[in-house]
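Have a look at the structure below before the remarks.
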Amino acid sequence: MKGSASNPSVSYSFTMRLAYPNHIGMFARIVNIIGRHGGDLGAVDIVTPDAKVMTRDVTVRARDGEHQDQIVSSIRRLANVKVVNVSDRVFLLHLGGKLAIQNKVPLTTRDTLSMAYTPGVARVCEAIAADPRKAWQLTIKHNSVAVVSDGTAVLGLGDIGPEAAMPVMEGKAMLFKEFANIDAYPICLRTKDTDEIVATVKNLAVGFGGINLEDISAPRCFDIERKLQEQLKIPVFHDDQHGTAVVVLAALFNALRLTRQKLERIKIVISGAGAAGVAITRILQRGGARDIILCDREGILHEGRLPNLNESKTWLAKNTNPRKLHGQLPDALHDANVFIGVSGPGILQTKHLKRMAPRSIVFALANPTPEIMPEEAARTAFIVATGRSDYPNQINNVLAFPGIFRGALNVRARQITEDMKQAAAKAIAACIRPRELSPEYIVPSVFNREVVRCVAEAVQRVAVKSGVARKRI
């Protein structure tokens, strides 16, 4: 937790409008106070200067909301300094929502209106009625994805409801557009009933080429994804499961290149037996991993716990832990080569990691506070990755889902198969050339535009080869 307190973040940035006497040294006093309280000074803009009073907008990054309040309070206590206004930059960014719909065809003439709408549109409708497959060519379906949530497992916030989930779904839609030029739409449902969600999404799916499920709690998410994929002929992808799993596998491919180890011969411990933990286990096993141990809040999953486990954990207990280990997470870590955390903050200490094998690999992915802070893990581990953007080796789903859906939409795939996910992971890993690999650089930057192209090409090749594609490129 100490490491977290040392890093101000843009996620808690704010702007103070300050008015103070226009005297030499006044602004230096303000900057000194911000620095003494651990704030990170950002942009400084003059609003209205005059001979007597200076008005400036001062942007500061804080650690959290409490830290922000401390900084503002300390400035308020400065003699002759007036805090005119405080604006939270994150809330300002969200004002009015983060998305808008824009026409591809300007309706500037009567002719264009007649073709885009009545009467011309009737001919297009009749063509699709005669052959529904033409909807892929003549509507937005070919490039659209529904981002669907019920708000039950949002980020690190949990069950906060569909309205509160909307900002996250809007953000996800922004990522689709920015990185893969896919038109995505946030759809939050006011129901937690599995069958209702399935029926609703099925009925909505007409206008979409794919469904991205997001922030739906386990184990319901497994049933929802399975049932939708059985009933729809378009890809259904629960990103919390598969996006995370794909990027973890990609990062592990590169980490093992550095340690000169094989996936088949290492011991892997995963903390967290929810949606991400299950998907990571499955993709690692398909990639060749044989020795995986899962831990939940009660400790190591093993068959002796079966009467008290849900369906997904029962599968894990039966298909992992080949050594039949019992105990808690620290017991599982003995001689482990890899730790993957998709659980909760601060559950590990350096002394626990010392139990691991030499040149250990630690992926502490809980967000925003990982299972162990990277600077602490680095005292023992050879390679450390997190889910955070302010440390090296960010395991971020945006490396996976835009390219996966881009490839799937390009060939009008009916589903996203396990082989397509494996291909995506290998493509992500391959974006880092062997000479570039280092313990601090095992996954490409989320802003590396080559990633989406490479992933899309790999995914569509496998889709065509496996027969799930309706179209060849």
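In the structure tokens, the first chain shown is A, the next is B, and so on; residue numbers restart at 1 for each chain, and ligands run from 1 in the order shown.
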Practice task
Find the spatial neighbours of segment 416-430 of chain A, counting only C-alpha atoms, within a cut-off of 8 Å - ignore same-chain residues fewer than 6 positions away - and output them as a PyMOL selection string.
Solution key: chain A and resi 235-237+242+246-247+249-251+253-254+283+287+399-400+403-404+408+442-444+451+454-456+458-460+462-463
Taking the DSSP secondary structure from the backbone, can you list the residues of segment 112-246 of chain A that are helix (DSSP H, G or I), as a PyMOL selection string?
chain A and resi 112-116+121-130+132-138+140-143+162-180+194-207+220-231+239-246
Please write the residues from the selection above to a file, keeping C-alpha atoms, as a PDB file, in the first residue's frame.
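This is the output file part.pdb:
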ATOM      1  CA  THR A 112     -29.396  12.871 -50.583  1.00  0.00           C
ATOM      2  CA  LEU A 113     -32.354  12.877 -48.189  1.00  0.00           C
ATOM      3  CA  SER A 114     -34.459  10.985 -50.738  1.00  0.00           C
ATOM      4  CA  MET A 115     -31.775   8.297 -51.084  1.00  0.00           C
ATOM      5  CA  ALA A 116     -30.829   7.989 -47.408  1.00  0.00           C
ATOM      6  CA  VAL A 121     -34.409   3.543 -48.598  1.00  0.00           C
ATOM      7  CA  ALA A 122     -37.379   1.286 -49.358  1.00  0.00           C
ATOM      8  CA  ARG A 123     -35.473  -0.438 -52.161  1.00  0.00           C
ATOM      9  CA  VAL A 124     -32.613  -1.267 -49.780  1.00  0.00           C
ATOM     10  CA  CYS A 125     -35.082  -2.614 -47.203  1.00  0.00           C
ATOM     11  CA  GLU A 126     -36.648  -4.865 -49.833  1.00  0.00           C
ATOM     12  CA  ALA A 127     -33.228  -6.180 -50.862  1.00  0.00           C
ATOM     13  CA  ILE A 128     -32.419  -7.124 -47.258  1.00  0.00           C
ATOM     14  CA  ALA A 129     -35.873  -8.656 -46.770  1.00  0.00           C
ATOM     15  CA  ALA A 130     -35.219 -10.888 -49.782  1.00  0.00           C
ATOM     16  CA  PRO A 132     -31.006 -10.937 -44.834  1.00  0.00           C
ATOM     17  CA  ARG A 133     -27.274 -11.544 -45.409  1.00  0.00           C
ATOM     18  CA  LYS A 134     -27.174  -8.227 -47.261  1.00  0.00           C
ATOM     19  CA  ALA A 135     -27.551  -6.458 -43.900  1.00  0.00           C
ATOM     20  CA  TRP A 136     -23.795  -7.062 -43.518  1.00  0.00           C
ATOM     21  CA  GLN A 137     -23.168  -4.938 -46.630  1.00  0.00           C
ATOM     22  CA  LEU A 138     -25.933  -2.358 -46.485  1.00  0.00           C
ATOM     23  CA  ILE A 140     -23.973  -0.529 -39.864  1.00  0.00           C
ATOM     24  CA  LYS A 141     -24.043  -4.173 -38.733  1.00  0.00           C
ATOM     25  CA  HIS A 142     -20.731  -4.970 -40.459  1.00  0.00           C
ATOM     26  CA  ASN A 143     -18.780  -2.645 -38.156  1.00  0.00           C
ATOM     27  CA  PRO A 162     -26.560  -0.211 -14.629  1.00  0.00           C
ATOM     28  CA  GLU A 163     -26.624   3.607 -14.475  1.00  0.00           C
ATOM     29  CA  ALA A 164     -23.302   3.754 -12.636  1.00  0.00           C
ATOM     30  CA  ALA A 165     -21.812   1.306 -15.132  1.00  0.00           C
ATOM     31  CA  MET A 166     -22.548   3.587 -18.097  1.00  0.00           C
ATOM     32  CA  PRO A 167     -19.335   5.689 -17.875  1.00  0.00           C
ATOM     33  CA  VAL A 168     -17.241   2.511 -18.088  1.00  0.00           C
ATOM     34  CA  MET A 169     -19.225   1.179 -21.055  1.00  0.00           C
ATOM     35  CA  GLU A 170     -18.894   4.539 -22.801  1.00  0.00           C
ATOM     36  CA  GLY A 171     -15.153   4.367 -22.201  1.00  0.00           C
ATOM     37  CA  LYS A 172     -15.035   0.879 -23.668  1.00  0.00           C
ATOM     38  CA  ALA A 173     -16.895   2.087 -26.749  1.00  0.00           C
ATOM     39  CA  MET A 174     -14.336   4.899 -27.112  1.00  0.00           C
ATOM     40  CA  LEU A 175     -11.506   2.346 -27.113  1.00  0.00           C
ATOM     41  CA  PHE A 176     -13.207   0.305 -29.841  1.00  0.00           C
ATOM     42  CA  LYS A 177     -13.475   3.402 -32.035  1.00  0.00           C
ATOM     43  CA  GLU A 178     -10.049   4.855 -31.303  1.00  0.00           C
ATOM     44  CA  PHE A 179      -8.003   1.693 -31.704  1.00  0.00           C
ATOM     45  CA  ALA A 180      -9.964  -0.393 -34.229  1.00  0.00           C
ATOM     46  CA  THR A 194     -29.473 -14.549 -16.641  1.00  0.00           C
ATOM     47  CA  ASP A 195     -32.332 -15.581 -18.917  1.00  0.00           C
ATOM     48  CA  GLU A 196     -33.622 -12.009 -19.209  1.00  0.00           C
ATOM     49  CA  ILE A 197     -30.180 -10.744 -20.176  1.00  0.00           C
ATOM     50  CA  VAL A 198     -29.803 -13.493 -22.759  1.00  0.00           C
ATOM     51  CA  ALA A 199     -33.236 -12.812 -24.251  1.00  0.00           C
ATOM     52  CA  THR A 200     -32.699  -9.049 -24.323  1.00  0.00           C
ATOM     53  CA  VAL A 201     -29.289  -9.225 -25.987  1.00  0.00           C
ATOM     54  CA  LYS A 202     -30.527 -11.830 -28.459  1.00  0.00           C
ATOM     55  CA  ASN A 203     -33.374  -9.540 -29.515  1.00  0.00           C
ATOM     56  CA  LEU A 204     -31.054  -6.528 -29.767  1.00  0.00           C
ATOM     57  CA  ALA A 205     -28.377  -8.360 -31.740  1.00  0.00           C
ATOM     58  CA  VAL A 206     -29.937  -7.767 -35.174  1.00  0.00           C
ATOM     59  CA  GLY A 207     -27.961  -4.579 -35.761  1.00  0.00           C
ATOM     60  CA  ARG A 220     -23.510 -15.760 -14.167  1.00  0.00           C
ATOM     61  CA  CYS A 221     -21.192 -14.386 -16.853  1.00  0.00           C
ATOM     62  CA  PHE A 222     -20.218 -17.927 -17.898  1.00  0.00           C
ATOM     63  CA  ASP A 223     -23.842 -18.959 -18.513  1.00  0.00           C
ATOM     64  CA  ILE A 224     -24.739 -15.709 -20.261  1.00  0.00           C
ATOM     65  CA  GLU A 225     -21.827 -15.947 -22.666  1.00  0.00           C
ATOM     66  CA  ARG A 226     -22.406 -19.633 -23.386  1.00  0.00           C
ATOM     67  CA  LYS A 227     -26.141 -19.280 -23.986  1.00  0.00           C
ATOM     68  CA  LEU A 228     -25.755 -16.228 -26.203  1.00  0.00           C
ATOM     69  CA  GLN A 229     -23.069 -17.869 -28.312  1.00  0.00           C
ATOM     70  CA  GLU A 230     -25.291 -20.917 -28.745  1.00  0.00           C
ATOM     71  CA  GLN A 231     -28.222 -18.764 -29.926  1.00  0.00           C
ATOM     72  CA  ASP A 239     -13.762  -9.258 -22.183  1.00  0.00           C
ATOM     73  CA  ASP A 240     -13.189  -9.520 -18.422  1.00  0.00           C
ATOM     74  CA  GLN A 241     -12.485 -13.192 -19.024  1.00  0.00           C
ATOM     75  CA  HIS A 242     -10.935 -13.555 -22.425  1.00  0.00           C
ATOM     76  CA  GLY A 243      -9.355 -10.170 -23.008  1.00  0.00           C
ATOM     77  CA  THR A 244      -7.444 -10.451 -19.746  1.00  0.00           C
ATOM     78  CA  ALA A 245      -6.500 -14.051 -20.489  1.00  0.00           C
ATOM     79  CA  VAL A 246      -5.172 -13.239 -23.966  1.00  0.00           C
TER      80      VAL A 246
END
ask   = Could you pull out the strand (DSSP E or B) residues of segment 49-287 of chain A from DSSP and send them as an NGL selection string?
value = :A and (49 or 53-62 or 82-88 or 144-149 or 154 or 158 or 183-188 or 210-213 or 236-238 or 267-271)
Those same residues, written as a CSV table (one decimal), in the first residue's frame with N, CA and C atoms?
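Printed below is result32.csv as written:
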chain,number,residue,atom,x,y,z
A,49,PRO,N,-4.7,38.7,-15.7
A,49,PRO,CA,-3.6,39.4,-15.0
A,49,PRO,C,-3.9,40.9,-14.9
A,53,VAL,N,-4.2,42.2,-9.0
A,53,VAL,CA,-4.6,40.8,-8.7
A,53,VAL,C,-4.3,39.9,-9.9
A,54,MET,N,-3.7,38.8,-9.5
A,54,MET,CA,-3.4,37.7,-10.5
A,54,MET,C,-4.4,36.6,-10.4
A,55,THR,N,-5.0,36.2,-11.5
A,55,THR,CA,-5.9,35.0,-11.4
A,55,THR,C,-5.3,33.9,-12.3
A,56,ARG,N,-5.1,32.7,-11.7
A,56,ARG,CA,-4.5,31.6,-12.4
A,56,ARG,C,-5.3,30.3,-12.2
A,57,ASP,N,-5.3,29.5,-13.3
A,57,ASP,CA,-5.8,28.1,-13.2
A,57,ASP,C,-4.6,27.2,-13.0
A,58,VAL,N,-4.6,26.5,-11.8
A,58,VAL,CA,-3.4,25.7,-11.5
A,58,VAL,C,-3.9,24.2,-11.4
A,59,THR,N,-3.3,23.4,-12.3
A,59,THR,CA,-3.7,21.9,-12.3
A,59,THR,C,-2.8,21.1,-11.5
A,60,VAL,N,-3.3,20.2,-10.7
A,60,VAL,CA,-2.5,19.4,-9.8
A,60,VAL,C,-3.0,17.9,-9.8
A,61,ARG,N,-2.1,17.0,-9.8
A,61,ARG,CA,-2.4,15.6,-9.6
A,61,ARG,C,-2.3,15.2,-8.2
A,62,ALA,N,-3.3,14.5,-7.7
A,62,ALA,CA,-3.3,14.0,-6.3
A,62,ALA,C,-3.3,12.5,-6.3
A,82,LYS,N,-7.1,33.5,-2.6
A,82,LYS,CA,-8.6,33.1,-2.6
A,82,LYS,C,-8.7,31.9,-3.6
A,83,VAL,N,-9.3,30.8,-3.2
A,83,VAL,CA,-9.7,29.7,-4.1
A,83,VAL,C,-11.0,30.0,-4.7
A,84,VAL,N,-11.0,30.5,-5.9
A,84,VAL,CA,-12.3,30.9,-6.5
A,84,VAL,C,-13.1,29.7,-6.9
A,85,ASN,N,-12.5,28.6,-7.4
A,85,ASN,CA,-13.2,27.4,-7.8
A,85,ASN,C,-12.3,26.3,-7.9
A,86,VAL,N,-12.8,25.0,-7.7
A,86,VAL,CA,-12.1,23.8,-7.8
A,86,VAL,C,-12.8,22.9,-8.8
A,87,SER,N,-12.2,22.5,-9.8
A,87,SER,CA,-12.8,21.6,-10.8
A,87,SER,C,-12.1,20.3,-10.9
A,88,ASP,N,-12.9,19.2,-10.8
A,88,ASP,CA,-12.3,17.9,-10.9
A,88,ASP,C,-12.3,17.6,-12.4
A,144,SER,N,-20.2,-2.9,-36.2
A,144,SER,CA,-20.8,-2.5,-34.9
A,144,SER,C,-20.7,-3.6,-33.9
A,145,VAL,N,-20.5,-3.1,-32.7
A,145,VAL,CA,-20.4,-4.0,-31.5
A,145,VAL,C,-21.2,-3.4,-30.4
A,146,ALA,N,-22.0,-4.3,-29.7
A,146,ALA,CA,-22.7,-3.9,-28.5
A,146,ALA,C,-21.9,-4.2,-27.3
A,147,VAL,N,-21.7,-3.2,-26.4
A,147,VAL,CA,-21.0,-3.3,-25.2
A,147,VAL,C,-22.0,-3.4,-24.1
A,148,VAL,N,-22.2,-4.6,-23.6
A,148,VAL,CA,-23.4,-4.9,-22.7
A,148,VAL,C,-22.9,-5.3,-21.3
A,149,SER,N,-23.6,-4.6,-20.3
A,149,SER,CA,-23.3,-4.9,-18.9
A,149,SER,C,-24.6,-4.8,-18.1
A,154,VAL,N,-18.3,-4.1,-11.8
A,154,VAL,CA,-17.6,-2.9,-12.5
A,154,VAL,C,-16.3,-2.7,-11.9
A,158,GLY,N,-17.5,-3.3,-8.0
A,158,GLY,CA,-18.5,-4.3,-7.7
A,158,GLY,C,-19.8,-4.0,-8.3
A,183,ASP,N,-17.6,0.9,-34.5
A,183,ASP,CA,-18.7,1.6,-33.9
A,183,ASP,C,-19.3,0.8,-32.8
A,184,ALA,N,-19.0,1.2,-31.5
A,184,ALA,CA,-19.5,0.4,-30.4
A,184,ALA,C,-20.5,1.2,-29.6
A,185,TYR,N,-21.5,0.5,-29.0
A,185,TYR,CA,-22.6,1.2,-28.3
A,185,TYR,C,-22.8,0.7,-26.9
A,186,PRO,N,-22.8,1.6,-25.9
A,186,PRO,CA,-23.0,1.1,-24.5
A,186,PRO,C,-24.4,0.7,-24.2
A,187,ILE,N,-24.6,-0.5,-23.7
A,187,ILE,CA,-26.0,-0.9,-23.4
A,187,ILE,C,-26.0,-1.5,-22.0
A,188,CYS,N,-26.6,-0.8,-21.1
A,188,CYS,CA,-26.6,-1.3,-19.7
A,188,CYS,C,-28.1,-1.7,-19.4
A,210,GLY,N,-21.1,-8.1,-33.5
A,210,GLY,CA,-20.5,-8.8,-32.3
A,210,GLY,C,-21.1,-8.2,-31.0
A,211,ILE,N,-20.9,-9.0,-30.0
A,211,ILE,CA,-21.4,-8.7,-28.6
A,211,ILE,C,-20.2,-8.7,-27.7
A,212,ASN,N,-19.9,-7.6,-27.0
A,212,ASN,CA,-18.8,-7.6,-26.0
A,212,ASN,C,-19.5,-7.5,-24.6
A,213,LEU,N,-19.5,-8.6,-23.9
A,213,LEU,CA,-20.0,-8.6,-22.5
A,213,LEU,C,-19.0,-8.0,-21.6
A,236,VAL,N,-19.6,-13.6,-29.5
A,236,VAL,CA,-19.9,-13.1,-28.1
A,236,VAL,C,-18.7,-13.3,-27.3
A,237,PHE,N,-18.2,-12.2,-26.7
A,237,PHE,CA,-16.9,-12.2,-26.1
A,237,PHE,C,-17.0,-11.5,-24.7
A,238,HIS,N,-16.8,-12.2,-23.6
A,238,HIS,CA,-16.8,-11.6,-22.3
A,238,HIS,C,-15.3,-11.1,-22.0
A,267,LYS,N,5.6,-24.0,-12.8
A,267,LYS,CA,4.5,-24.0,-11.8
A,267,LYS,C,3.9,-22.6,-11.8
A,268,ILE,N,2.6,-22.6,-11.9
A,268,ILE,CA,1.9,-21.3,-12.0
A,268,ILE,C,0.9,-21.3,-10.9
A,269,VAL,N,0.9,-20.2,-10.1
A,269,VAL,CA,-0.1,-19.9,-9.1
A,269,VAL,C,-1.0,-18.8,-9.5
A,270,ILE,N,-2.3,-19.0,-9.4
A,270,ILE,CA,-3.3,-17.9,-9.8
A,270,ILE,C,-4.1,-17.6,-8.6
A,271,SER,N,-4.1,-16.3,-8.2
A,271,SER,CA,-5.0,-15.9,-7.1
A,271,SER,C,-6.2,-15.2,-7.6
Using only C-alpha atoms, the residue out of A:Asp390, A:Asp45, A:Glu440, A:Asp159 with shortest distance to Ser11 of chain A is A:Asp390
What is the atom CA of Ile34 of chain A-atom CA of Arg17 of chain A distance in Å, reported with one decimal?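 We find that atom CA of Ile34 of chain A and atom CA of Arg17 of chain A lie 14.0 Å from each other.
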Requested in this report: For atom CA of Ala19 of chain A and atom CA of Gly96 of chain A, quote the distance in Å rounded to one decimal.
Outcome: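 About the pair atom CA of Ala19 of chain A and atom CA of Gly96 of chain A: they are 28.9 Å apart.
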Worksheet item: Can you list, as a list in words, every protein, DNA or RNA residue that comes within 10 Å of Met26 of chain A when you count only C-alpha atoms, leaving out same-chain residues fewer than 5 positions away?
Response: Tyr20, Pro21, Val31, Met54, Leu78, Ala79, Asn80 and Val81 of chain A
If you keep C-alpha atoms, can you produce a file of those selected residues as a CSV table (one decimal), in the first residue's frame?
chain,number,residue,atom,x,y,z
A,20,TYR,CA,-3.9,36.5,-5.2
A,21,PRO,CA,-2.0,39.8,-5.0
A,31,VAL,CA,3.8,26.0,-5.5
A,54,MET,CA,-3.4,37.7,-10.5
A,78,LEU,CA,-2.6,30.8,2.7
A,79,ALA,CA,-3.0,34.4,3.6
A,80,ASN,CA,-4.3,36.6,0.7
A,81,VAL,CA,-5.0,33.6,-1.6
